[in-house]
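Student: Just coords.pdb, nothing more (PDB, C-alpha atoms):
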ATOM      1  CA  MET Z  61       0.000   0.000   0.000  1.00  0.00           C
ATOM      2  CA  ASN Z  62       1.395   3.413  -0.894  1.00  0.00           C
ATOM      3  CA  CYS Z  63       1.410   6.467   1.362  1.00  0.00           C
ATOM      4  CA  ILE Z  64      -1.644   8.174  -0.186  1.00  0.00           C
ATOM      5  CA  ASP Z  65      -3.729   4.986  -0.009  1.00  0.00           C
ATOM      6  CA  THR Z  66      -2.810   4.643   3.660  1.00  0.00           C
ATOM      7  CA  MET Z  67      -3.726   8.282   4.313  1.00  0.00           C
ATOM      8  CA  LYS Z  68      -7.139   7.672   2.730  1.00  0.00           C
ATOM      9  CA  LEU Z  69      -7.784   4.969   5.329  1.00  0.00           C
ATOM     10  CA  ARG Z  70      -7.308   7.450   8.175  1.00  0.00           C
ATOM     11  CA  ARG Z  71     -10.770   8.579   9.154  1.00  0.00           C
ATOM     12  CA  SER Z  72     -12.610   9.481  12.342  1.00  0.00           C
ATOM     13  CA  ARG Z  73     -14.110   6.259  13.659  1.00  0.00           C
ATOM     14  CA  TYR Z  74     -16.607   6.750  16.475  1.00  0.00           C
ATOM     15  CA  SER Z  75     -18.147   3.274  16.741  1.00  0.00           C
ATOM     16  CA  LEU Z  76     -15.389   1.202  18.332  1.00  0.00           C
ATOM     17  CA  SER Z  77     -15.307  -2.031  20.295  1.00  0.00           C
ATOM     18  CA  ASN Z  78     -13.011  -2.950  23.163  1.00  0.00           C
ATOM     19  CA  ARG Z  79     -11.136  -5.349  20.893  1.00  0.00           C
ATOM     20  CA  LEU Z  80      -8.087  -4.908  18.687  1.00  0.00           C
ATOM     21  CA  PRO Z  81      -7.333  -6.389  15.260  1.00  0.00           C
ATOM     22  CA  VAL Z  82      -3.657  -6.579  16.316  1.00  0.00           C
ATOM     23  CA  SER Z  83      -1.950  -7.688  19.509  1.00  0.00           C
ATOM     24  CA  GLU Z  84      -1.539  -5.153  22.296  1.00  0.00           C
ATOM     25  CA  GLN Z  85       2.226  -5.665  22.036  1.00  0.00           C
ATOM     26  CA  ASP Z  86       2.162  -4.783  18.315  1.00  0.00           C
ATOM     27  CA  LEU Z  87      -0.010  -1.755  19.038  1.00  0.00           C
ATOM     28  CA  GLN Z  88       2.427  -0.479  21.654  1.00  0.00           C
ATOM     29  CA  ALA Z  89       5.352  -1.035  19.278  1.00  0.00           C
ATOM     30  CA  LEU Z  90       3.511   0.914  16.579  1.00  0.00           C
ATOM     31  CA  ILE Z  91       2.943   3.843  18.942  1.00  0.00           C
ATOM     32  CA  ALA Z  92       6.576   3.755  20.075  1.00  0.00           C
ATOM     33  CA  GLN Z  93       7.886   3.797  16.509  1.00  0.00           C
ATOM     34  CA  CYS Z  94       5.632   6.713  15.550  1.00  0.00           C
ATOM     35  CA  LEU Z  95       6.843   8.587  18.631  1.00  0.00           C
ATOM     36  CA  LEU Z  96      10.453   7.970  17.596  1.00  0.00           C
ATOM     37  CA  GLN Z  97      10.016   8.785  13.899  1.00  0.00           C
ATOM     38  CA  ALA Z  98       7.632  11.779  13.939  1.00  0.00           C
ATOM     39  CA  PRO Z  99       9.518  14.986  13.091  1.00  0.00           C
ATOM     40  CA  SER Z 100       9.934  17.971  15.395  1.00  0.00           C
ATOM     41  CA  ALA Z 101      11.603  21.369  15.011  1.00  0.00           C
ATOM     42  CA  PHE Z 102      15.227  21.359  16.229  1.00  0.00           C
ATOM     43  CA  ASN Z 103      14.648  17.646  16.927  1.00  0.00           C
ATOM     44  CA  SER Z 104      13.086  18.866  20.161  1.00  0.00           C
ATOM     45  CA  GLN Z 105      11.024  15.693  20.716  1.00  0.00           C
ATOM     46  CA  SER Z 106       8.672  17.630  23.010  1.00  0.00           C
ATOM     47  CA  ALA Z 107       5.670  15.352  22.386  1.00  0.00           C
ATOM     48  CA  ARG Z 108       4.683  12.976  25.171  1.00  0.00           C
ATOM     49  CA  ILE Z 109       2.131  10.156  25.287  1.00  0.00           C
ATOM     50  CA  LEU Z 110       0.156   8.628  28.116  1.00  0.00           C
ATOM     51  CA  LEU Z 111      -1.371   5.349  26.907  1.00  0.00           C
ATOM     52  CA  LEU Z 112      -4.416   4.329  28.931  1.00  0.00           C
ATOM     53  CA  LEU Z 113      -5.624   0.723  28.770  1.00  0.00           C
ATOM     54  CA  GLY Z 114      -8.118  -1.386  30.675  1.00  0.00           C
ATOM     55  CA  GLU Z 115      -9.425   0.196  33.860  1.00  0.00           C
ATOM     56  CA  LYS Z 116      -7.293   3.323  33.403  1.00  0.00           C
ATOM     57  CA  HIS Z 117      -8.985   3.931  30.032  1.00  0.00           C
ATOM     58  CA  LYS Z 118     -12.429   3.574  31.646  1.00  0.00           C
ATOM     59  CA  GLN Z 119     -11.376   5.765  34.576  1.00  0.00           C
ATOM     60  CA  PHE Z 120     -10.333   8.511  32.166  1.00  0.00           C
ATOM     61  CA  TRP Z 121     -13.675   8.638  30.364  1.00  0.00           C
ATOM     62  CA  GLN Z 122     -15.557   8.591  33.675  1.00  0.00           C
ATOM     63  CA  LEU Z 123     -13.475  11.601  34.712  1.00  0.00           C
ATOM     64  CA  VAL Z 124     -14.386  13.329  31.425  1.00  0.00           C
ATOM     65  CA  ARG Z 125     -18.068  12.510  32.012  1.00  0.00           C
ATOM     66  CA  GLU Z 126     -17.980  13.998  35.515  1.00  0.00           C
ATOM     67  CA  SER Z 127     -16.170  17.113  34.292  1.00  0.00           C
ATOM     68  CA  LEU Z 128     -18.766  17.694  31.582  1.00  0.00           C
ATOM     69  CA  GLN Z 129     -21.699  17.031  33.927  1.00  0.00           C
ATOM     70  CA  ALA Z 130     -20.464  19.998  35.951  1.00  0.00           C
ATOM     71  CA  VAL Z 131     -20.825  22.391  32.985  1.00  0.00           C
ATOM     72  CA  VAL Z 132     -23.494  20.943  30.660  1.00  0.00           C
ATOM     73  CA  PRO Z 133     -27.132  21.519  31.729  1.00  0.00           C
ATOM     74  CA  ALA Z 134     -28.751  18.282  32.926  1.00  0.00           C
ATOM     75  CA  ASP Z 135     -31.567  18.485  30.366  1.00  0.00           C
ATOM     76  CA  LYS Z 136     -28.999  18.650  27.537  1.00  0.00           C
ATOM     77  CA  PHE Z 137     -26.524  16.096  28.861  1.00  0.00           C
ATOM     78  CA  ALA Z 138     -27.894  12.948  27.160  1.00  0.00           C
ATOM     79  CA  PRO Z 139     -26.111  13.453  23.781  1.00  0.00           C
ATOM     80  CA  THR Z 140     -22.844  14.272  25.572  1.00  0.00           C
ATOM     81  CA  ASP Z 141     -23.233  11.211  27.789  1.00  0.00           C
ATOM     82  CA  GLY Z 142     -23.814   9.026  24.725  1.00  0.00           C
ATOM     83  CA  LYS Z 143     -20.682  10.329  23.071  1.00  0.00           C
ATOM     84  CA  ILE Z 144     -18.572   9.751  26.191  1.00  0.00           C
ATOM     85  CA  SER Z 145     -20.000   6.229  26.511  1.00  0.00           C
ATOM     86  CA  SER Z 146     -18.961   5.471  22.921  1.00  0.00           C
ATOM     87  CA  PHE Z 147     -15.384   6.533  23.691  1.00  0.00           C
ATOM     88  CA  ALA Z 148     -15.354   4.521  26.925  1.00  0.00           C
ATOM     89  CA  ALA Z 149     -16.492   1.436  24.959  1.00  0.00           C
ATOM     90  CA  ALA Z 150     -13.255   1.514  22.938  1.00  0.00           C
ATOM     91  CA  TYR Z 151     -10.130  -0.507  23.744  1.00  0.00           C
ATOM     92  CA  GLY Z 152      -7.945   2.329  25.010  1.00  0.00           C
ATOM     93  CA  THR Z 153      -7.075   6.007  24.818  1.00  0.00           C
ATOM     94  CA  ILE Z 154      -3.934   7.911  23.930  1.00  0.00           C
ATOM     95  CA  LEU Z 155      -3.432  11.217  25.719  1.00  0.00           C
ATOM     96  CA  TYR Z 156      -1.154  13.517  23.731  1.00  0.00           C
ATOM     97  CA  TYR Z 157       0.977  16.011  25.634  1.00  0.00           C
ATOM     98  CA  ASP Z 158       3.647  18.626  25.010  1.00  0.00           C
ATOM     99  CA  ASP Z 159       6.473  18.893  27.528  1.00  0.00           C
ATOM    100  CA  THR Z 160       6.622  22.622  28.323  1.00  0.00           C
ATOM    101  CA  ASP Z 161      10.020  22.213  30.023  1.00  0.00           C
ATOM    102  CA  THR Z 162      11.481  21.140  26.681  1.00  0.00           C
ATOM    103  CA  VAL Z 163       9.934  24.177  24.992  1.00  0.00           C
ATOM    104  CA  LEU Z 164      11.180  26.549  27.713  1.00  0.00           C
ATOM    105  CA  HIS Z 165      14.697  25.128  27.458  1.00  0.00           C
ATOM    106  CA  LEU Z 166      14.743  25.728  23.705  1.00  0.00           C
ATOM    107  CA  GLN Z 167      13.391  29.250  24.172  1.00  0.00           C
ATOM    108  CA  GLU Z 168      16.287  29.982  26.528  1.00  0.00           C
ATOM    109  CA  GLN Z 169      18.824  28.314  24.255  1.00  0.00           C
ATOM    110  CA  PHE Z 170      17.616  30.043  21.056  1.00  0.00           C
ATOM    111  CA  PRO Z 171      16.039  33.380  22.073  1.00  0.00           C
ATOM    112  CA  ALA Z 172      15.732  34.577  18.451  1.00  0.00           C
ATOM    113  CA  TYR Z 173      13.110  31.821  17.916  1.00  0.00           C
ATOM    114  CA  LYS Z 174      11.482  32.147  21.343  1.00  0.00           C
ATOM    115  CA  ASP Z 175       7.966  32.890  20.083  1.00  0.00           C
ATOM    116  CA  ASN Z 176       8.054  30.040  17.569  1.00  0.00           C
ATOM    117  CA  PHE Z 177       8.864  27.111  19.844  1.00  0.00           C
ATOM    118  CA  PRO Z 178       5.332  26.720  21.322  1.00  0.00           C
ATOM    119  CA  ILE Z 179       3.920  26.827  17.768  1.00  0.00           C
ATOM    120  CA  TRP Z 180       6.467  24.305  16.530  1.00  0.00           C
ATOM    121  CA  ALA Z 181       5.696  22.020  19.481  1.00  0.00           C
ATOM    122  CA  GLN Z 182       2.012  22.075  18.497  1.00  0.00           C
ATOM    123  CA  GLN Z 183       2.921  21.295  14.891  1.00  0.00           C
ATOM    124  CA  ALA Z 184       5.126  18.392  15.967  1.00  0.00           C
ATOM    125  CA  ASN Z 185       2.344  17.038  18.164  1.00  0.00           C
ATOM    126  CA  GLY Z 186      -0.094  17.270  15.265  1.00  0.00           C
ATOM    127  CA  MET Z 187       2.302  15.326  13.050  1.00  0.00           C
ATOM    128  CA  LEU Z 188       2.627  12.656  15.749  1.00  0.00           C
ATOM    129  CA  GLN Z 189      -1.156  12.408  16.039  1.00  0.00           C
ATOM    130  CA  PHE Z 190      -1.460  12.040  12.276  1.00  0.00           C
ATOM    131  CA  ALA Z 191       1.331   9.452  12.149  1.00  0.00           C
ATOM    132  CA  ILE Z 192      -0.263   7.275  14.832  1.00  0.00           C
ATOM    133  CA  TRP Z 193      -3.767   7.710  13.430  1.00  0.00           C
ATOM    134  CA  THR Z 194      -2.599   6.703   9.953  1.00  0.00           C
ATOM    135  CA  ALA Z 195      -0.545   3.765  11.239  1.00  0.00           C
ATOM    136  CA  PHE Z 196      -3.571   2.638  13.240  1.00  0.00           C
ATOM    137  CA  ALA Z 197      -5.756   2.808  10.127  1.00  0.00           C
ATOM    138  CA  GLU Z 198      -3.293   0.684   8.169  1.00  0.00           C
ATOM    139  CA  ALA Z 199      -3.360  -1.891  10.996  1.00  0.00           C
ATOM    140  CA  GLY Z 200      -7.188  -1.908  11.066  1.00  0.00           C
ATOM    141  CA  VAL Z 201      -7.418   0.041  14.332  1.00  0.00           C
ATOM    142  CA  GLY Z 202     -10.076   2.758  14.378  1.00  0.00           C
ATOM    143  CA  ALA Z 203      -9.650   6.045  16.240  1.00  0.00           C
ATOM    144  CA  SER Z 204     -10.904   9.595  16.579  1.00  0.00           C
ATOM    145  CA  LEU Z 205      -9.344  12.729  17.991  1.00  0.00           C
ATOM    146  CA  GLN Z 206     -11.020  14.541  20.888  1.00  0.00           C
ATOM    147  CA  HIS Z 207     -10.304  17.786  22.732  1.00  0.00           C
ATOM    148  CA  TYR Z 208     -11.789  17.996  26.221  1.00  0.00           C
ATOM    149  CA  ASN Z 209      -8.828  19.987  27.463  1.00  0.00           C
ATOM    150  CA  PRO Z 210      -8.396  22.319  29.296  1.00  0.00           C
ATOM    151  CA  LEU Z 211     -11.584  21.401  31.202  1.00  0.00           C
ATOM    152  CA  ILE Z 212     -10.150  18.052  32.308  1.00  0.00           C
ATOM    153  CA  ASP Z 213      -6.462  18.924  32.608  1.00  0.00           C
ATOM    154  CA  GLU Z 214      -6.064  19.225  36.359  1.00  0.00           C
ATOM    155  CA  LYS Z 215      -8.216  16.206  37.202  1.00  0.00           C
ATOM    156  CA  VAL Z 216      -6.263  14.084  34.719  1.00  0.00           C
ATOM    157  CA  ARG Z 217      -2.963  15.357  36.111  1.00  0.00           C
ATOM    158  CA  VAL Z 218      -3.953  14.273  39.632  1.00  0.00           C
ATOM    159  CA  ALA Z 219      -5.646  10.992  38.659  1.00  0.00           C
ATOM    160  CA  PHE Z 220      -2.726   9.718  36.587  1.00  0.00           C
ATOM    161  CA  ASP Z 221       0.170  11.479  38.328  1.00  0.00           C
ATOM    162  CA  VAL Z 222       1.125  13.440  35.203  1.00  0.00           C
ATOM    163  CA  ALA Z 223       4.201  15.676  35.367  1.00  0.00           C
ATOM    164  CA  ALA Z 224       3.386  19.345  35.882  1.00  0.00           C
ATOM    165  CA  SER Z 225       5.373  20.258  32.765  1.00  0.00           C
ATOM    166  CA  TRP Z 226       3.178  18.098  30.502  1.00  0.00           C
ATOM    167  CA  ARG Z 227       0.416  20.113  28.785  1.00  0.00           C
ATOM    168  CA  LEU Z 228      -2.529  18.088  27.476  1.00  0.00           C
ATOM    169  CA  VAL Z 229      -3.166  18.603  23.750  1.00  0.00           C
ATOM    170  CA  ALA Z 230      -5.640  15.921  22.614  1.00  0.00           C
ATOM    171  CA  GLN Z 231      -7.238  12.577  23.402  1.00  0.00           C
ATOM    172  CA  MET Z 232      -7.542   9.619  21.004  1.00  0.00           C
ATOM    173  CA  PRO Z 233      -9.886   6.734  21.855  1.00  0.00           C
ATOM    174  CA  PHE Z 234      -9.127   3.654  19.735  1.00  0.00           C
ATOM    175  CA  GLY Z 235     -10.336   0.117  19.141  1.00  0.00           C
ATOM    176  CA  GLN Z 236     -11.696  -2.186  16.487  1.00  0.00           C
ATOM    177  CA  PRO Z 237     -14.173  -0.357  14.229  1.00  0.00           C
ATOM    178  CA  VAL Z 238     -17.718  -1.755  14.342  1.00  0.00           C
ATOM    179  CA  ALA Z 239     -19.279   0.642  11.805  1.00  0.00           C
ATOM    180  CA  PRO Z 240     -18.025   2.347   8.644  1.00  0.00           C
ATOM    181  CA  ALA Z 241     -16.612   5.849   8.768  1.00  0.00           C
ATOM    182  CA  GLN Z 242     -19.002   8.670   7.969  1.00  0.00           C
ATOM    183  CA  GLU Z 243     -19.016  10.135   4.476  1.00  0.00           C
ATOM    184  CA  LYS Z 244     -16.264  12.691   3.963  1.00  0.00           C
ATOM    185  CA  THR Z 245     -16.770  15.728   1.773  1.00  0.00           C
ATOM    186  CA  TYR Z 246     -14.055  17.778   0.115  1.00  0.00           C
ATOM    187  CA  LEU Z 247     -13.864  21.419  -0.863  1.00  0.00           C
ATOM    188  CA  PRO Z 248     -12.893  21.980  -4.500  1.00  0.00           C
ATOM    189  CA  LEU Z 249      -9.107  21.824  -4.811  1.00  0.00           C
ATOM    190  CA  GLU Z 250      -9.032  25.169  -6.622  1.00  0.00           C
ATOM    191  CA  GLN Z 251     -10.164  26.780  -3.354  1.00  0.00           C
ATOM    192  CA  ARG Z 252      -7.292  25.210  -1.453  1.00  0.00           C
ATOM    193  CA  LEU Z 253      -4.423  24.761  -3.886  1.00  0.00           C
ATOM    194  CA  ARG Z 254      -2.748  27.633  -5.692  1.00  0.00           C
ATOM    195  CA  ILE Z 255       0.044  27.134  -8.186  1.00  0.00           C
ATOM    196  CA  GLU Z 256       2.219  29.919  -9.605  1.00  0.00           C
ATOM    197  CA  ARG Z 257       4.872  29.657 -12.315  1.00  0.00           C
TER     198      ARG Z 257
END
Do you think you could lay out the structure here as structure tokens?
Tutor:
Amino acid sequence: MNCIDTMKLRRSRYSLSNRLPVSEQDLQALIAQCLLQAPSAFNSQSARILLLLGEKHKQFWQLVRESLQAVVPADKFAPTDGKISSFAAAYGTILYYDDTDTVLHLQEQFPAYKDNFPIWAQQANGMLQFAIWTAFAEAGVGASLQHYNPLIDEKVRVAFDVAASWRLVAQMPFGQPVAPAQEKTYLPLEQRLRIER
């Protein structure tokens, strides 16, 4: 399979089971290799991952549910609760972080680029997310990307003893897909691609 074909497989998959089409060991190796090979500015390697499996995965989504119950009106909570339940039904969750200590160190080391390092860290994290998501798709693992931060940040930090320098960026529930991906629409390329000679 070529790169573009693999990228086409990468889609948001919301209906996931708590099974995997690959072994857990192979899944962890896949994540580790993506973490090693994903690019980052100045080879900063500021991205961090917390992989939640089993009860820790369920604990995380219960924490998200409780955090949202505190801010979503009770009469409007049912759709939110359904969505959280679908994520909790998956096999596991990846929490993506940036290590702010790494960014601060680079800002001190290269003051001329100080304002760019937080932006570059975000870009590197996005590339890591895409790399893992695409590798998952090729392996038959479904996933979606969620963003309940910063609402959940402090509770997650305490519950999972996360370093204070780690800043939560995104959450990725994953598992074996049990339904096809939703239809994807595309804007006309001429609105997005400009070529000059």
Student: Apply the PyMOL selection byres ((chain Z and resi 164) around 12) to the structure shown and report the selected residues as a VMD selection string.
Tutor: chain Z and resid 104 106 158 to 163 165 to 171 173 to 178 181 225 to 226
Student: Would you save the residues from that selection as a compact mmCIF listing (two decimals), in the frame of the given file, using C-alpha atoms?
Tutor:
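Ended up saving to result.txt:
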# COMPACT_ATOMS: atom_id res chain seq x y z
CA SER Z 104 13.09 18.87 20.16
CA SER Z 106 8.67 17.63 23.01
CA ASP Z 158 3.65 18.63 25.01
CA ASP Z 159 6.47 18.89 27.53
CA THR Z 160 6.62 22.62 28.32
CA ASP Z 161 10.02 22.21 30.02
CA THR Z 162 11.48 21.14 26.68
CA VAL Z 163 9.93 24.18 24.99
CA HIS Z 165 14.70 25.13 27.46
CA LEU Z 166 14.74 25.73 23.70
CA GLN Z 167 13.39 29.25 24.17
CA GLU Z 168 16.29 29.98 26.53
CA GLN Z 169 18.82 28.31 24.26
CA PHE Z 170 17.62 30.04 21.06
CA PRO Z 171 16.04 33.38 22.07
CA TYR Z 173 13.11 31.82 17.92
CA LYS Z 174 11.48 32.15 21.34
CA ASP Z 175 7.97 32.89 20.08
CA ASN Z 176 8.05 30.04 17.57
CA PHE Z 177 8.86 27.11 19.84
CA PRO Z 178 5.33 26.72 21.32
CA ALA Z 181 5.70 22.02 19.48
CA SER Z 225 5.37 20.26 32.76
CA TRP Z 226 3.18 18.10 30.50
Student: Excluding Phe120 (chain Z) and residues on its chain fewer than 6 positions from it, collect all residues at most 9 Å away from it, counting all atoms listed in the file, and give them as a compact mmCIF listing (two decimals) with C-alpha atoms, in the coordinates of the input.
Tutor:
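Wrote it out as out.txt, contents follow:
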# COMPACT_ATOMS: atom_id res chain seq x y z
CA LEU Z 112 -4.42 4.33 28.93
CA ALA Z 148 -15.35 4.52 26.92
CA THR Z 153 -7.08 6.01 24.82
CA VAL Z 216 -6.26 14.08 34.72
CA ALA Z 219 -5.65 10.99 38.66
CA PHE Z 220 -2.73 9.72 36.59
Student: Of the candidates Z:Leu80, Z:Lys215, Z:Ile91, Z:Ser75, which shows the shortest atom-to-atom distance to Ala195 (chain Z), using all atoms listed in the file?
Tutor: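 Closest candidate: Z:Ile91.
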Student: Contacts of Asp141 (chain Z) at 12 Å or less, counting all atoms listed in the file, minus same-chain residues fewer than 2 places along, as JSON, numbers by chain?
Tutor: {"Z": [121, 122, 123, 124, 125, 126, 127, 128, 129, 132, 133, 134, 135, 136, 137, 138, 139, 143, 144, 145, 146, 147, 148]}
Student: Please write as a list in words the full residue list that the PyMOL selection byres ((chain Z and resi 235-239) around 8) yields on this file.
Tutor: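 Checking the PyMOL selection byres ((chain Z and resi 235-239) around 8) against this file, the residues are Arg73, Tyr74, Ser75, Leu76, Ser77, Asn78, Arg79, Leu80, Pro81, Ala150, Tyr151, Gly152, Gly200, Val201, Gly202, Ala203, Pro233, Phe234, Pro240 and Ala241 of chain Z.
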Student: Here is a test: counting all atoms listed in the file, which residue of Z:Ala130, Z:Leu95, Z:Ala149, Z:Leu69 is nearest to Lys118 (chain Z)?
Tutor: Z:Ala149
Student: Which of these, Z:Glu256, Z:Asp213, Z:Asp65, Z:Glu84, has the shortest distance to Thr194 (chain Z) once you count only C-alpha atoms?
Tutor: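 That would be Z:Asp65, the residue with the smallest distance to Thr194 (chain Z).
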Student: Convert the output of the PyMOL selection byres ((chain Z and resi 63) around 12) on the shown file into explicit residues, formatted as a PyMOL selection string.
Tutor: chain Z and resi 61-62+64-70+191+194-195+197-198
Student: Tell me which of Z:Tyr208, Z:Phe196, Z:Tyr246, Z:Phe102 sits closest to Gln88 (chain Z), counting only C-alpha atoms.
Tutor: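 Residue with the minimum atom-to-atom distance to Gln88 (chain Z): Z:Phe196.
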Student: What does the structure give for the distance between CA of Leu113 (chain Z) and CA of Ala224 (chain Z), in Å to one decimal?
Tutor: 21.9 Å
Student: Rounded to one decimal place, report the CA of Ala184 (chain Z)-CA of Val222 (chain Z) distance in Å.
Tutor: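 One can read the CA of Ala184 (chain Z) to CA of Val222 (chain Z) distance as 20.3 Å.
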Student: Find the residues around Asn185 (chain Z) up to 9 Å (all atoms listed in the file counted), leave out those fewer than 3 positions away in its own chain, and share them as a PyMOL selection string.
Tutor: chain Z and resi 98+100+106-108+156-158+180-182+188-190+229
Student: In Å, how far is it from CA of Ser72 (chain Z) to CA of Leu249 (chain Z)?
Tutor: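 CA of Leu249 (chain Z) lies 21.4 Å from CA of Ser72 (chain Z).
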Student: Nearest to Leu96 (chain Z): which of Z:Ala230, Z:Leu155, Z:Met187, Z:Leu205 is it, counting all atoms listed in the file?
Tutor: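 Of Z:Ala230, Z:Leu155, Z:Met187, Z:Leu205, the one nearest Leu96 (chain Z) is Z:Met187, counting all atoms listed in the file.
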